[in-house]
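Raw protein-v4.txt, compact mmCIF, C-alpha atoms and all ligand atoms:
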# COMPACT_ATOMS: atom_id res chain seq x y z
CA MET E 28 -1.62 -20.22 16.19
CA ALA E 29 -2.31 -16.50 15.95
CA ARG E 30 -5.33 -15.03 14.19
CA TYR E 31 -5.33 -11.68 12.41
CA LEU E 32 -7.91 -9.37 10.87
CA VAL E 33 -6.80 -7.87 7.55
CA THR E 34 -8.99 -5.06 6.21
CA GLY E 35 -8.46 -4.50 2.50
CA GLY E 36 -7.13 -8.06 2.17
CA ALA E 37 -8.68 -8.32 -1.30
CA GLY E 38 -6.59 -5.38 -2.50
CA TYR E 39 -3.11 -5.22 -3.95
CA VAL E 40 -0.95 -4.89 -0.83
CA GLY E 41 -3.49 -6.59 1.44
CA SER E 42 -3.60 -9.79 -0.62
CA HIS E 43 0.18 -10.08 -0.22
CA VAL E 44 -0.05 -9.47 3.55
CA VAL E 45 -2.62 -12.29 3.71
CA LEU E 46 -0.23 -14.61 1.84
CA ALA E 47 2.66 -13.74 4.17
CA LEU E 48 0.52 -14.54 7.23
CA LEU E 49 -0.84 -17.80 5.81
CA ASP E 50 2.65 -18.83 4.68
CA ARG E 51 3.89 -18.73 8.26
CA GLY E 52 0.87 -20.67 9.51
CA ASP E 53 -1.30 -17.90 10.93
CA GLU E 54 -5.07 -17.73 10.64
CA VAL E 55 -6.50 -14.80 8.68
CA VAL E 56 -9.89 -13.12 8.40
CA VAL E 57 -10.24 -10.62 5.56
CA LEU E 58 -12.78 -7.79 5.76
CA ASP E 59 -13.25 -6.06 2.40
CA ASN E 60 -16.10 -4.43 0.51
CA LEU E 61 -14.51 -5.31 -2.87
CA SER E 62 -14.83 -1.68 -4.02
CA THR E 63 -11.34 -1.80 -5.55
CA GLY E 64 -10.31 -5.31 -4.48
CA HIS E 65 -11.05 -8.74 -5.91
CA ARG E 66 -12.55 -11.80 -4.26
CA ALA E 67 -10.12 -13.96 -6.26
CA ALA E 68 -7.18 -12.04 -4.76
CA VAL E 69 -7.97 -13.45 -1.32
CA ALA E 70 -5.97 -16.63 -0.78
CA PRO E 71 -8.21 -19.68 -0.29
CA GLY E 72 -6.83 -20.29 3.21
CA ALA E 73 -8.29 -17.03 4.58
CA ALA E 74 -11.85 -16.49 5.83
CA PHE E 75 -13.60 -13.72 3.89
CA VAL E 76 -16.21 -11.27 5.13
CA LYS E 77 -17.68 -8.94 2.54
CA ALA E 78 -18.46 -5.83 4.55
CA ASP E 79 -17.94 -2.09 4.49
CA LEU E 80 -15.89 -0.49 7.24
CA GLY E 81 -18.48 2.27 7.32
CA SER E 82 -20.95 -0.16 8.89
CA ALA E 83 -20.26 -0.16 12.64
CA LYS E 84 -22.64 -3.11 12.96
CA ASP E 85 -20.74 -5.25 10.46
CA VAL E 86 -17.40 -4.35 12.02
CA ALA E 87 -18.70 -5.18 15.52
CA GLU E 88 -19.97 -8.54 14.24
CA VAL E 89 -16.51 -9.44 12.94
CA PHE E 90 -14.95 -8.69 16.34
CA ALA E 91 -17.75 -10.63 18.06
CA GLY E 92 -17.20 -13.63 15.78
CA TRP E 93 -13.44 -14.03 16.15
CA ARG E 94 -10.74 -13.21 18.67
CA PHE E 95 -7.82 -11.45 16.96
CA ASP E 96 -4.19 -11.03 18.01
CA ALA E 97 -3.84 -7.87 15.92
CA VAL E 98 -5.50 -5.85 13.19
CA PHE E 99 -3.82 -5.01 9.88
CA HIS E 100 -5.73 -2.06 8.48
CA LEU E 101 -5.09 -1.57 4.77
CA ALA E 102 -8.56 -0.73 3.43
CA ALA E 103 -8.69 2.84 2.14
CA LEU E 104 -9.28 5.05 -0.83
CA SER E 105 -5.91 5.96 -2.28
CA LEU E 106 -6.18 7.94 -5.51
CA VAL E 107 -4.50 11.30 -5.03
CA GLY E 108 -6.30 13.07 -7.90
CA GLU E 109 -9.69 11.78 -6.79
CA SER E 110 -8.96 12.99 -3.26
CA MET E 111 -8.40 16.53 -4.61
CA ARG E 112 -11.86 16.45 -6.20
CA GLN E 113 -13.63 14.72 -3.28
CA PRO E 114 -11.78 15.74 -0.11
CA LEU E 115 -14.70 15.24 2.26
CA HIS E 116 -15.42 11.82 0.84
CA TYR E 117 -11.76 10.86 1.40
CA VAL E 118 -11.74 12.11 4.98
CA ARG E 119 -14.93 10.18 5.73
CA ALA E 120 -13.71 7.01 4.06
CA ASN E 121 -10.18 7.05 5.40
CA VAL E 122 -10.47 8.82 8.74
CA ASN E 123 -13.94 7.85 9.97
CA ASN E 124 -13.56 4.23 8.90
CA SER E 125 -10.13 3.92 10.52
CA VAL E 126 -11.29 5.54 13.74
CA GLY E 127 -14.38 3.31 13.83
CA LEU E 128 -12.22 0.23 13.30
CA ALA E 129 -9.77 1.30 16.01
CA GLU E 130 -12.67 1.90 18.43
CA ALA E 131 -14.07 -1.56 17.70
CA ALA E 132 -10.62 -3.09 18.21
CA VAL E 133 -10.19 -1.33 21.57
CA LYS E 134 -13.68 -2.41 22.65
CA ALA E 135 -12.82 -6.02 21.78
CA GLY E 136 -9.51 -5.77 23.67
CA VAL E 137 -7.40 -6.10 20.48
CA LEU E 138 -4.63 -3.65 21.24
CA ARG E 139 -2.19 -4.16 18.36
CA PHE E 140 -2.96 -2.24 15.20
CA VAL E 141 -0.85 -2.00 12.02
CA PHE E 142 -1.90 0.87 9.78
CA SER E 143 -1.11 1.45 6.09
CA SER E 144 0.12 5.01 5.91
CA THR E 145 1.91 6.64 3.03
CA ALA E 146 4.83 8.76 1.86
CA ALA E 147 2.12 11.29 0.90
CA ILE E 148 2.00 12.50 4.52
CA PHE E 149 5.33 14.26 3.81
CA GLY E 150 4.10 16.31 0.85
CA VAL E 151 7.07 17.84 -0.95
CA PRO E 152 9.99 16.95 1.34
CA ARG E 153 12.97 19.19 1.91
CA ASP E 154 15.53 16.46 2.59
CA ILE E 155 16.13 13.18 0.74
CA PRO E 156 16.12 10.39 1.90
CA ILE E 157 13.01 11.05 3.97
CA ALA E 158 13.35 10.09 7.62
CA GLU E 159 10.46 9.48 10.02
CA ASP E 160 10.88 12.84 11.73
CA ALA E 161 10.75 14.89 8.50
CA PRO E 162 8.03 17.57 8.62
CA ALA E 163 4.66 16.03 7.71
CA ILE E 164 2.98 18.60 5.45
CA PRO E 165 0.65 16.77 3.06
CA VAL E 166 -0.25 18.48 -0.20
CA ASN E 167 -3.43 16.51 -0.92
CA PRO E 168 -6.46 15.27 1.06
CA TYR E 169 -5.33 11.65 0.65
CA GLY E 170 -2.07 12.30 2.51
CA GLU E 171 -3.87 14.52 5.01
CA SER E 172 -6.42 11.79 5.77
CA LYS E 173 -3.64 9.29 6.52
CA LEU E 174 -1.85 11.80 8.76
CA MET E 175 -5.09 12.43 10.66
CA VAL E 176 -5.38 8.70 11.33
CA GLU E 177 -1.75 8.50 12.47
CA LYS E 178 -2.43 11.29 14.95
CA ALA E 179 -5.66 9.70 16.21
CA LEU E 180 -3.80 6.42 16.75
CA GLY E 181 -1.13 8.29 18.70
CA TRP E 182 -3.72 9.64 21.13
CA ALA E 183 -5.37 6.23 21.39
CA GLN E 184 -2.20 4.71 22.80
CA ALA E 185 -2.18 7.12 25.71
CA ALA E 186 -5.88 6.80 26.44
CA HIS E 187 -6.67 3.18 25.55
CA GLY E 188 -3.36 1.34 25.37
CA LEU E 189 -3.79 0.75 21.63
CA ARG E 190 -0.29 0.15 20.27
CA SER E 191 0.03 0.97 16.59
CA ALA E 192 2.57 0.67 13.82
CA CYS E 193 2.09 3.29 11.11
CA LEU E 194 3.86 2.01 7.99
CA ARG E 195 4.44 4.77 5.47
CA TYR E 196 4.76 2.88 2.23
CA PHE E 197 6.57 4.51 -0.63
CA ASN E 198 5.75 2.99 -4.07
CA ALA E 199 4.52 -0.57 -3.70
CA ALA E 200 5.42 -2.56 -6.81
CA GLY E 201 5.89 -6.08 -8.13
CA ALA E 202 3.86 -9.21 -7.50
CA ASP E 203 4.03 -12.35 -5.40
CA PRO E 204 7.20 -14.16 -6.62
CA GLY E 205 5.15 -17.40 -6.63
CA GLY E 206 2.59 -15.81 -8.97
CA ARG E 207 -0.28 -16.17 -6.48
CA ALA E 208 -1.24 -12.46 -6.42
CA GLY E 209 -0.55 -9.28 -8.33
CA GLU E 210 -1.72 -5.74 -9.02
CA ASP E 211 -5.11 -5.16 -10.65
CA HIS E 212 -6.41 -1.61 -10.30
CA ASP E 213 -8.96 0.12 -12.52
CA PRO E 214 -7.97 2.76 -13.34
CA GLU E 215 -4.32 1.78 -13.01
CA THR E 216 -2.33 4.84 -11.98
CA HIS E 217 0.93 3.22 -10.83
CA LEU E 218 3.89 3.54 -13.18
CA ILE E 219 5.12 -0.05 -13.38
CA PRO E 220 1.79 -1.85 -14.10
CA ARG E 221 0.65 1.04 -16.28
CA THR E 222 3.83 0.83 -18.39
CA ILE E 223 3.63 -2.96 -18.60
CA MET E 224 0.00 -2.82 -19.72
CA GLY E 225 1.01 -0.29 -22.37
CA ALA E 226 3.86 -2.56 -23.50
CA LEU E 227 1.42 -5.47 -23.76
CA GLY E 228 -0.91 -3.33 -25.89
CA ARG E 229 -3.70 -3.48 -23.30
CA THR E 230 -3.83 0.27 -22.78
CA THR E 231 -2.52 3.33 -24.51
CA PRO E 232 1.24 3.92 -24.13
CA VAL E 233 2.28 5.38 -20.79
CA SER E 234 2.97 9.10 -20.42
CA VAL E 235 6.17 10.41 -18.86
CA PHE E 236 5.14 13.50 -16.89
CA GLY E 237 8.06 15.91 -17.00
CA THR E 238 11.59 15.46 -18.33
CA ASP E 239 12.98 18.71 -16.92
CA TYR E 240 13.31 17.86 -13.23
CA ASP E 241 16.59 18.40 -11.42
CA THR E 242 17.41 14.66 -11.55
CA PRO E 243 20.13 12.83 -13.51
CA ASP E 244 17.88 12.09 -16.52
CA GLY E 245 15.28 14.81 -15.93
CA THR E 246 12.42 12.47 -14.95
CA ALA E 247 10.92 12.11 -11.47
CA MET E 248 12.44 9.57 -9.10
CA ARG E 249 10.53 7.27 -6.75
CA ASP E 250 11.35 4.56 -4.26
CA TYR E 251 9.88 1.24 -5.45
CA VAL E 252 9.52 -1.34 -2.72
CA HIS E 253 8.52 -4.89 -3.58
CA VAL E 254 5.04 -5.73 -2.35
CA ALA E 255 6.29 -9.00 -0.81
CA ASP E 256 8.87 -7.01 1.17
CA LEU E 257 6.14 -4.62 2.27
CA ALA E 258 4.03 -7.57 3.37
CA ALA E 259 6.97 -8.99 5.33
CA ALA E 260 7.36 -5.66 7.14
CA HIS E 261 3.84 -6.03 8.58
CA LEU E 262 4.90 -9.24 10.30
CA ALA E 263 8.29 -7.87 11.33
CA VAL E 264 6.83 -4.94 13.28
CA LEU E 265 4.50 -7.03 15.46
CA PRO E 266 7.08 -7.91 18.16
CA ARG E 267 8.10 -4.26 18.28
CA LEU E 268 4.57 -3.32 19.39
CA GLU E 269 5.19 -4.90 22.79
CA GLU E 270 7.23 -1.78 23.56
CA GLY E 271 4.68 0.76 22.29
CA SER E 272 3.62 2.50 19.10
CA VAL E 273 5.99 3.04 16.20
CA ALA E 274 6.04 4.71 12.78
CA TYR E 275 8.30 3.56 9.98
CA ASN E 276 9.08 4.79 6.48
CA LEU E 277 9.16 1.81 4.17
CA GLY E 278 11.09 1.86 0.95
CA ASN E 279 14.11 0.39 -0.71
CA GLY E 280 16.18 3.45 0.06
CA ALA E 281 17.05 3.87 -3.61
CA GLY E 282 15.35 6.09 -6.12
CA HIS E 283 14.62 5.10 -9.71
CA SER E 284 13.62 7.52 -12.42
CA VAL E 285 10.72 7.03 -14.82
CA PHE E 286 13.20 6.40 -17.64
CA GLU E 287 15.04 3.81 -15.50
CA VAL E 288 11.75 1.99 -14.90
CA ILE E 289 10.96 1.98 -18.61
CA ALA E 290 14.47 0.68 -19.37
CA ALA E 291 14.03 -2.11 -16.77
CA ILE E 292 10.74 -3.15 -18.36
CA GLU E 293 12.46 -3.21 -21.76
CA ARG E 294 15.24 -5.44 -20.35
CA VAL E 295 12.81 -7.83 -18.67
CA SER E 296 10.37 -8.03 -21.57
CA GLY E 297 12.95 -7.93 -24.35
CA GLN E 298 10.86 -5.40 -26.25
CA LYS E 299 10.73 -1.65 -26.80
CA VAL E 300 8.23 0.08 -24.52
CA PRO E 301 6.14 2.78 -26.16
CA HIS E 302 5.73 6.01 -24.20
CA HIS E 303 4.81 9.68 -24.63
CA ILE E 304 6.56 12.66 -23.12
CA GLY E 305 4.17 15.07 -21.40
CA PRO E 306 4.38 18.09 -19.11
CA ARG E 307 4.95 17.85 -15.36
CA ARG E 308 1.90 17.08 -13.22
CA GLU E 309 1.06 19.71 -10.65
CA GLY E 310 2.15 18.74 -7.16
CA ASP E 311 4.49 15.90 -8.24
CA PRO E 312 7.69 16.14 -6.16
CA PRO E 313 10.88 15.55 -8.19
CA VAL E 314 12.28 12.91 -5.82
CA LEU E 315 10.67 10.74 -3.13
CA VAL E 316 13.03 8.28 -1.49
CA ALA E 317 12.61 6.79 1.97
CA SER E 318 15.17 6.32 4.64
CA SER E 319 14.30 2.86 5.96
CA ALA E 320 17.13 3.02 8.50
CA ARG E 321 14.80 3.06 11.49
CA ILE E 322 12.81 -0.08 10.68
CA LYS E 323 16.06 -1.88 9.85
CA ALA E 324 17.60 -0.82 13.15
CA GLU E 325 14.58 -1.70 15.28
CA THR E 326 13.26 -4.88 13.60
CA GLN E 327 14.54 -7.88 11.65
CA TRP E 328 13.06 -6.48 8.40
CA ARG E 329 15.28 -6.25 5.31
CA PRO E 330 14.03 -5.89 1.73
CA VAL E 331 15.03 -9.00 -0.22
CA HIS E 332 13.61 -8.15 -3.66
CA ASP E 333 15.38 -4.83 -3.85
CA ARG E 334 16.69 -4.87 -7.42
CA LEU E 335 14.51 -2.92 -9.83
CA ASP E 336 14.70 -5.72 -12.41
CA ASP E 337 13.39 -8.27 -9.86
CA ILE E 338 10.51 -5.99 -8.95
CA VAL E 339 9.67 -5.43 -12.61
CA ARG E 340 10.08 -9.13 -13.51
CA THR E 341 7.52 -10.32 -10.93
CA ALA E 342 5.08 -7.65 -12.11
CA TRP E 343 5.67 -8.51 -15.77
CA ASP E 344 5.18 -12.24 -15.14
CA TRP E 345 1.91 -11.61 -13.33
CA HIS E 346 0.50 -9.37 -16.05
CA VAL E 347 1.50 -11.77 -18.80
CA ALA E 348 -0.16 -14.67 -16.92
CA HIS E 349 -3.30 -12.61 -16.15
CA PRO E 350 -4.39 -10.74 -19.27
CA GLU E 351 -7.72 -9.87 -17.61
CA GLY E 352 -6.23 -9.24 -14.16
CA TYR E 353 -8.39 -11.16 -11.69
CA GLY E 354 -10.99 -11.45 -14.43
CA ASP E 355 -13.89 -9.89 -12.53
CA ARG E 356 -14.24 -6.57 -14.32
CA VAL E 357 -17.79 -5.63 -15.18
CA GLY E 358 -18.46 -4.43 -18.73
N1 LIG J 1 -0.07 0.78 -3.45
C1 LIG J 1 0.80 1.70 -3.00
O1 LIG J 1 1.82 1.99 -3.63
C2 LIG J 1 0.55 2.38 -1.68
C3 LIG J 1 1.44 3.38 -1.26
C4 LIG J 1 1.22 3.99 -0.04
C5 LIG J 1 0.16 3.61 0.76
N2 LIG J 1 -0.71 2.67 0.33
C6 LIG J 1 -1.84 2.29 1.21
O2 LIG J 1 -1.87 0.88 1.31
C7 LIG J 1 -3.21 0.42 1.42
C8 LIG J 1 -3.48 -0.61 0.35
O3 LIG J 1 -3.23 -0.04 -0.92
P1 LIG J 1 -3.50 -0.87 -2.25
O4 LIG J 1 -2.66 -0.31 -3.31
O5 LIG J 1 -3.43 -2.31 -1.91
O6 LIG J 1 -5.02 -0.45 -2.54
P2 LIG J 1 -6.21 -1.34 -3.11
O7 LIG J 1 -7.24 -0.37 -3.61
O8 LIG J 1 -5.69 -2.37 -4.03
O9 LIG J 1 -6.75 -2.08 -1.82
C9 LIG J 1 -7.63 -1.47 -0.90
C10 LIG J 1 -8.64 -2.54 -0.47
O10 LIG J 1 -9.52 -1.97 0.51
C11 LIG J 1 -10.86 -2.28 0.18
N3 LIG J 1 -11.70 -1.23 0.73
C12 LIG J 1 -11.68 0.09 0.40
N4 LIG J 1 -12.59 0.77 1.13
C13 LIG J 1 -13.19 -0.15 1.95
C14 LIG J 1 -14.23 -0.06 2.93
N5 LIG J 1 -14.85 1.09 3.22
N6 LIG J 1 -14.60 -1.19 3.57
C15 LIG J 1 -13.98 -2.38 3.29
N7 LIG J 1 -13.01 -2.52 2.38
C16 LIG J 1 -12.63 -1.41 1.71
C17 LIG J 1 -10.88 -2.37 -1.34
O11 LIG J 1 -11.94 -3.13 -1.85
C18 LIG J 1 -9.51 -3.01 -1.62
O12 LIG J 1 -9.60 -4.43 -1.61
C19 LIG J 1 -4.09 1.67 1.33
O13 LIG J 1 -4.41 2.06 2.65
C20 LIG J 1 -3.19 2.69 0.66
O14 LIG J 1 -3.54 4.00 1.04
C21 LIG J 1 -0.54 2.03 -0.88
Can I see the file as structure tokens?
Amino acid sequence: MARYLVTGGAGYVGSHVVLALLDRGDEVVVLDNLSTGHRAAVAPGAAFVKADLGSAKDVAEVFAGWRFDAVFHLAALSLVGESMRQPLHYVRANVNNSVGLAEAAVKAGVLRFVFSSTAAIFGVPRDIPIAEDAPAIPVNPYGESKLMVEKALGWAQAAHGLRSACLRYFNAAGADPGGRAGEDHDPETHLIPRTIMGALGRTTPVSVFGTDYDTPDGTAMRDYVHVADLAAAHLAVLPRLEEGSVAYNLGNGAGHSVFEVIAAIERVSGQKVPHHIGPRREGDPPVLVASSARIKAETQWRPVHDRLDDIVRTAWDWHVAHPEGYGDRVG
């Protein structure tokens, strides 16, 4: 049986990675400070350590306490707008913590490292779909911080033999098809949960930012990849690490507009979804769609929940079943 460390395993994507590992019989240790995650999101079969990655002592203790086959590093700050206001905070949280974790892994002889990167490293791309070798020119400190970590990991392979997989997620969406985990962010900035919460009357109606883009219906298009498919990709890349470090763009390969997402939520819920039309947001690219050709060519990974309605349905079901999310909000 293999044992894995999952940082950020109490968060949205991390909790689904934990489920995927437990489902195939692996042992999992979650390290999370619960700053944006939820204790209840961690599957009961995983060991849980409440610790901050900024504490070198706590991180060293985790590596001293268990022997890991690989590290899945998902813990990060990931709000683009917040990163614009607090760039230094984001660099410290995302870069320093990742580098500290990688150092601890190397010291403990754990030389396989899967890192949650992002489409935001590409900024406003020239060519769609976005391939791995597209120019990486981030337009916000969040994307920059992830790119810095990717580069540091690249150097660490040469010097320390640390083999890494940088997975650039596009828009993670949906929930565990078995209903065991879902998305609970506060504030919620992602389109699908935000629209669903508006439809359920739990928040104000969602705003559509810009209807004058050069897209078929004028709204911005994104690549929504089911969170269970994302989780599966983490497992699929492990064998590939035997040959060295890799970087993969991870999406469905299909773009959906804001209006298409709203229409899908209306189909799934059987009700009209209230929304406002607002101006474009500064720095929002019109279209972000991944080419996932490389990961498909080099691993066994294939998205299985790739229909927008399936993605939306799992998210809808989770929100309906969890009116308070994980139910641990203070105040
Ligand atoms: N959700 C997306 O669509 C998306 C897209 C691209 C990339 N990503 C990346 O995927 C990862 C997971 O995203 P998510 O949406 O699940 O976010 P999330 O906020 O739900 O999860 C992050 C988890 O990390 C924990 N954490 C944060 N800082 C920590 C620290 N210093 N020490 C210990 N734990 C800490 C949080 O408590 C939380 O449980 C992030 O690295 C994010 O940048 C997410």
Surroundings of ligand LIG 1 (chain J) up to 9 Å, based on all atoms listed in the file, as an NGL selection string: :E and (34-43 or 58-66 or 68 or 77-82 or 100-106 or 120-121 or 124 or 142-147 or 169-170 or 173 or 194-200 or 210-212 or 217 or 251-252 or 254)
Using only C-alpha atoms, I'd like a table of the residues in region 263-295 of chain E that come within 12 Å of region 179-188 of chain E; for each, show the closest atom pair and its distance in Å rounded to one decimal, ordered by chain and ascending number, as a tab-separated table.
residue	atom	partner	partner_atom	distance
E:Leu268	CA	E:Gly188	CA	11.0
E:Glu269	CA	E:Gly188	CA	10.9
E:Glu270	CA	E:Gly188	CA	11.2
E:Gly271	CA	E:Gln184	CA	7.9
E:Ser272	CA	E:Gln184	CA	7.2
E:Val273	CA	E:Gly181	CA	9.2
E:Ala274	CA	E:Gly181	CA	10.0
His283 (chain E) environment, 8 Å, only C-alpha atoms, sequence neighbours closer than 6 positions dropped, as a ChimeraX atom specification: /E:248-251
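We find CA of Ser284 (chain E) and CA of Gly245 (chain E) to be spaced 8.3 Å apart.
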Region 312-314 of chain E surroundings by all atoms listed in the file, 8 Å radius, close-in-sequence under 6 positions cut, as a PDB file with C-alpha atoms, in the frame of the given file:
ATOM      1  CA  GLY E 150       4.100  16.310   0.850  1.00  0.00           C
ATOM      2  CA  VAL E 151       7.070  17.840  -0.950  1.00  0.00           C
ATOM      3  CA  PRO E 152       9.990  16.950   1.340  1.00  0.00           C
ATOM      4  CA  ILE E 155      16.130  13.180   0.740  1.00  0.00           C
ATOM      5  CA  TYR E 240      13.310  17.860 -13.230  1.00  0.00           C
ATOM      6  CA  ASP E 241      16.590  18.400 -11.420  1.00  0.00           C
ATOM      7  CA  THR E 242      17.410  14.660 -11.550  1.00  0.00           C
ATOM      8  CA  THR E 246      12.420  12.470 -14.950  1.00  0.00           C
ATOM      9  CA  ALA E 247      10.920  12.110 -11.470  1.00  0.00           C
ATOM     10  CA  MET E 248      12.440   9.570  -9.100  1.00  0.00           C
ATOM     11  CA  ARG E 249      10.530   7.270  -6.750  1.00  0.00           C
ATOM     12  CA  GLY E 282      15.350   6.090  -6.120  1.00  0.00           C
TER      13      GLY E 282
END
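Between CA of Ile223 (chain E) and CA of Ala259 (chain E) lies a distance of 24.9 Å.
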Could you list, as a ChimeraX atom specification, every residue within 12 Å of Gln327 (chain E), counting only C-alpha atoms and ignoring same-chain residues fewer than 2 positions away? /E:256,259-267,320-325,329-331
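Take the candidates E:Gly278, E:Gly305, E:Pro114, E:Gly225 and check each one against Glu171 (chain E) using only C-alpha atoms; the shortest distance goes to E:Pro114.
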Exercise: Phe95 (chain E) partners within 10 Å, all atoms listed in the file, chain neighbours under 2 positions left out, as number ranges by chain: E: 29-32, 54-56, 89-90, 92-93, 97-98, 132, 135-139
Axis-aligned box for region 118-127 of chain E, 5 Å per side, centre and edges in Å as lines of an AutoDock Vina configuration file:
center_x = -12.5
center_y = 7.7
center_z = 8.9
size_x = 14.8
size_y = 18.8
size_z = 19.8
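Considering the residues E:Ala290, E:Val33, E:Val118, E:Leu335 and counting all atoms listed in the file, Asp53 (chain E) has its shortest atom-to-atom contact with E:Val33.
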Selection: 12 Å around Leu227 (chain E), only C-alpha atoms, excl. self and same-chain fewer than 5 positions, as a PyMOL selection string: chain E and resi 220-222+232-233+292-293+296-301+343-344+346-351
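Shortest separation to Arg308 (chain E) among E:Trp345, E:Tyr275, E:Phe236, E:Phe286 occurs at residue E:Phe236, atoms counted being only C-alpha atoms.
Closest to Val126 (chain E) among E:Met175, E:Met111, E:Ala161, E:Val316 is E:Met175, based on all atoms listed in the file.
Across the structure, CA of Pro162 (chain E) and CA of Asp239 (chain E) are spaced 26.0 Å apart.
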Restricting the calculation to all atoms listed in the file, which member of E:Val45, E:Ala158, E:Ala281, E:Val295 is positioned closest to Ala226 (chain E)? E:Val295
